[in-house]
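A.B. asks: Quick one: structure below, then a few questions.
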Amino acid sequence: CAGTFSVFTYIAPFLIETTGITSGSLPLYLLLFGVGGVIGMQVGGRFADRNLAASIIGVFVALAIIYFILPFALRAPHSAMVMMFVWGFTFYFPAAPIQIRVVNAATEAPNLASTLVQSGFNLGNAIGPFAGAAALSAGFSYAALPWLGGLMAIAGVALAVWSVTIERRAARIAVA
């Protein structure tokens, strides 16, 4: 969430300035992001049923790649449309897998754990715009914000891999 909202919070001026679209066409780009998100959430849930850890780690890697592509893809209206859909799809894809992973791990208090997932998402929703504003205040352009999002996505990959490693190590110890 932090990676996405470090960019998405500023998507209107980003698209208008970098892509050259008019403010009147902005709702179409936002709609494409949202439609991608709805589809991504559905597909992400199905992937979670097959391989939970791989779906989370894989999509975080995909998000990092997307952030590094965004500065180039958002330079032209048509590629920006495609990328807004793909970005929305990829951003919402891990929602169900993350929720499932946390609830499965919290056998003693799954309802409490479920609320903590939402709190984590909201924390990212606060950190992202703050980081984006700090980058803009430091003199970076809107087109530089996806690089910041990419770095945050890489941090997400590292945390996800670390979490899975800890879980697997604990499972091996429990079996032994």
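If you're wondering about the labels, chains in the structure tokens are A, B, ... by order shown, residues count from 1 in each chain, ligands from 1 in order shown.
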Using only C-alpha atoms, find each residue in segment 116-151 of chain A having at least one atom no more than 12 Å away from segment 12-25 of chain A; report its shortest atom-to-atom pair and that distance in Å (one decimal), rows by chain then rising number, as CSV.

C.D. replies:
residue,atom,partner,partner_atom,distance
A:Gly132,CA,A:Phe14,CA,11.8
A:Leu136,CA,A:Phe14,CA,11.4
A:Phe140,CA,A:Phe14,CA,12.0
A:Ser141,CA,A:Phe14,CA,8.6
A:Tyr142,CA,A:Phe14,CA,5.3
A:Ala143,CA,A:Phe14,CA,6.7
A:Ala144,CA,A:Phe14,CA,9.8
A:Leu145,CA,A:Phe14,CA,9.1
A:Pro146,CA,A:Phe14,CA,10.3

A.B. asks: Please produce an output containing C-alpha atoms for each residue in the selection, written as an mmCIF file, in the first residue's frame.

C.D. replies:
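File produced: part.cif:
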data_model
loop_
_atom_site.group_PDB
_atom_site.id
_atom_site.type_symbol
_atom_site.label_atom_id
_atom_site.label_comp_id
_atom_site.auth_asym_id
_atom_site.auth_seq_id
_atom_site.Cartn_x
_atom_site.Cartn_y
_atom_site.Cartn_z
ATOM 1 C CA GLY A 132 5.691 10.773 -1.945
ATOM 2 C CA LEU A 136 8.304 15.936 -4.186
ATOM 3 C CA PHE A 140 11.899 15.046 -7.343
ATOM 4 C CA SER A 141 9.377 15.064 -10.180
ATOM 5 C CA TYR A 142 6.123 13.124 -10.328
ATOM 6 C CA ALA A 143 7.809 10.763 -12.770
ATOM 7 C CA ALA A 144 10.325 9.815 -10.051
ATOM 8 C CA LEU A 145 7.634 8.618 -7.636
ATOM 9 C CA PRO A 146 7.308 5.114 -9.173
#

A.B. asks: Do you know which residues are at most 12 Å from Asn125 of chain A counting only C-alpha atoms, after dropping those on the same chain fewer than 5 positions away, and could you put them as a list in words?

C.D. replies: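 The contact residues come out as Cys1, Ala2, Gly3, Thr4, Phe5, Ser6, Val7, Phe8, Thr9, Gln118, Ser119, Gly120, Phe130, Ala131 and Gly132 of chain A.
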
A.B. asks: Please provide as a list in words all residues within 7 Å of segment 162-171 of chain A, with the sequence filter that same-chain residues fewer than 4 positions apart are discarded (counting only C-alpha atoms).

C.D. replies: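 Surrounding residues, per the criterion: Ala53, Ala158 and Val175 of chain A.
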
A.B. asks: Find, counting only C-alpha atoms, the residue in A:Pro94, A:Gly139, A:Gly124, A:Gly40 that gets nearest to Ile57 of chain A.

C.D. replies: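 So, comparing all the options, the nearest one is A:Pro94.
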
A.B. asks: Give the alpha helix (DSSP H) residues of chain A, as DSSP finds them on the backbone, and put them as a VMD selection string.

C.D. replies: chain A and resid 2 to 8 11 to 14 26 to 50 52 to 73 77 to 92 95 to 105 110 to 137 145 to 175

A.B. asks: Could you check which of A:Ala153, A:Val161, A:Ile98, A:Ala76 is closest to Ala62 of chain A, using only C-alpha atoms?

C.D. replies: A:Ala153

A.B. asks: For Phe93 of chain A, work out the shell of residues within 7 Å, counting only C-alpha atoms and skipping chain neighbours fewer than 3 positions away, then give it as an MDAnalysis selection string.

C.D. replies: chainID A and resid 40:41 43:44 89:90

A.B. asks: Please measure the separation of atom CA of Asn104 of chain A and atom CA of Arg46 of chain A, giving the value in Å to one decimal.

C.D. replies: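 These atoms are spaced 16.0 Å apart.
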
A.B. asks: Considering only C-alpha atoms, give me a table of residues in segment 77-163 of chain A that are at most 8 Å from segment 65-68 of chain A, with the closest atom pair and distance in Å for each, as a tab-separated table.

C.D. replies:
residue	atom	partner	partner_atom	distance
A:Trp87	CA	A:Ile66	CA	6.8
A:Pro146	CA	A:Tyr67	CA	4.9
A:Trp147	CA	A:Phe68	CA	5.9
A:Gly149	CA	A:Tyr67	CA	6.1
A:Gly150	CA	A:Tyr67	CA	4.9

A.B. asks: Just all heavy atoms for this one: save the residues we selected as a PDB file, in the first residue's frame.

C.D. replies:
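Ended up saving to again-v3.pdb:
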ATOM      1  N   TRP A  87      -1.593  -2.130 -13.349  1.00  0.00           N
ATOM      2  CA  TRP A  87      -1.196  -1.694 -12.006  1.00  0.00           C
ATOM      3  C   TRP A  87      -2.321  -1.963 -11.009  1.00  0.00           C
ATOM      4  O   TRP A  87      -2.096  -2.508  -9.920  1.00  0.00           O
ATOM      5  CB  TRP A  87      -0.812  -0.229 -12.057  1.00  0.00           C
ATOM      6  CG  TRP A  87      -0.334   0.394 -10.789  1.00  0.00           C
ATOM      7  CD1 TRP A  87       0.209  -0.227  -9.699  1.00  0.00           C
ATOM      8  CD2 TRP A  87      -0.334   1.782 -10.486  1.00  0.00           C
ATOM      9  NE1 TRP A  87       0.538   0.700  -8.736  1.00  0.00           N
ATOM     10  CE2 TRP A  87       0.222   1.934  -9.205  1.00  0.00           C
ATOM     11  CE3 TRP A  87      -0.742   2.919 -11.189  1.00  0.00           C
ATOM     12  CZ2 TRP A  87       0.361   3.182  -8.599  1.00  0.00           C
ATOM     13  CZ3 TRP A  87      -0.587   4.166 -10.593  1.00  0.00           C
ATOM     14  CH2 TRP A  87      -0.042   4.283  -9.306  1.00  0.00           C
ATOM     15  N   PRO A 146       7.343   6.579  -9.045  1.00  0.00           N
ATOM     16  CA  PRO A 146       7.308   5.114  -9.173  1.00  0.00           C
ATOM     17  C   PRO A 146       8.598   4.431  -8.714  1.00  0.00           C
ATOM     18  O   PRO A 146       8.554   3.280  -8.263  1.00  0.00           O
ATOM     19  CB  PRO A 146       7.060   4.889 -10.662  1.00  0.00           C
ATOM     20  CG  PRO A 146       6.320   6.105 -11.103  1.00  0.00           C
ATOM     21  CD  PRO A 146       6.940   7.221 -10.298  1.00  0.00           C
ATOM     22  N   TRP A 147       9.724   5.097  -8.814  1.00  0.00           N
ATOM     23  CA  TRP A 147      10.974   4.511  -8.325  1.00  0.00           C
ATOM     24  C   TRP A 147      10.883   4.305  -6.812  1.00  0.00           C
ATOM     25  O   TRP A 147      11.340   3.278  -6.289  1.00  0.00           O
ATOM     26  CB  TRP A 147      12.164   5.385  -8.698  1.00  0.00           C
ATOM     27  CG  TRP A 147      12.337   5.502 -10.182  1.00  0.00           C
ATOM     28  CD1 TRP A 147      11.969   6.561 -10.967  1.00  0.00           C
ATOM     29  CD2 TRP A 147      12.886   4.519 -11.068  1.00  0.00           C
ATOM     30  NE1 TRP A 147      12.256   6.287 -12.283  1.00  0.00           N
ATOM     31  CE2 TRP A 147      12.818   5.047 -12.373  1.00  0.00           C
ATOM     32  CE3 TRP A 147      13.412   3.254 -10.881  1.00  0.00           C
ATOM     33  CZ2 TRP A 147      13.271   4.349 -13.481  1.00  0.00           C
ATOM     34  CZ3 TRP A 147      13.858   2.550 -11.990  1.00  0.00           C
ATOM     35  CH2 TRP A 147      13.783   3.100 -13.280  1.00  0.00           C
ATOM     36  N   GLY A 149       8.043   3.894  -5.169  1.00  0.00           N
ATOM     37  CA  GLY A 149       7.114   2.773  -5.011  1.00  0.00           C
ATOM     38  C   GLY A 149       7.790   1.440  -5.251  1.00  0.00           C
ATOM     39  O   GLY A 149       7.530   0.463  -4.541  1.00  0.00           O
ATOM     40  N   GLY A 150       8.678   1.391  -6.237  1.00  0.00           N
ATOM     41  CA  GLY A 150       9.414   0.160  -6.524  1.00  0.00           C
ATOM     42  C   GLY A 150      10.305  -0.263  -5.374  1.00  0.00           C
ATOM     43  O   GLY A 150      10.393  -1.451  -5.041  1.00  0.00           O
TER      44      GLY A 150
END

A.B. asks: Looking at only C-alpha atoms, which of A:Leu116, A:Met81, A:Ala64, A:Val102 is the one that sits closest to Leu148 of chain A?

C.D. replies: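 Going through A:Leu116, A:Met81, A:Ala64, A:Val102 one by one, the smallest distance to Leu148 of chain A is for A:Ala64.
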
A.B. asks: I need the residue nearest Tyr10 of chain A from this list: A:Ala135, A:Leu151, A:Val157, A:Leu63. Use only C-alpha atoms for the distance.

C.D. replies: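 Closest residue, counting only C-alpha atoms: A:Ala135.
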
A.B. asks: Kindly give the distance, in Å, that separates atom CA of Gly156 of chain A and atom CA of Gly34 of chain A, rounded to a single decimal.

C.D. replies: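 Interatomic distance here is 22.0 Å.
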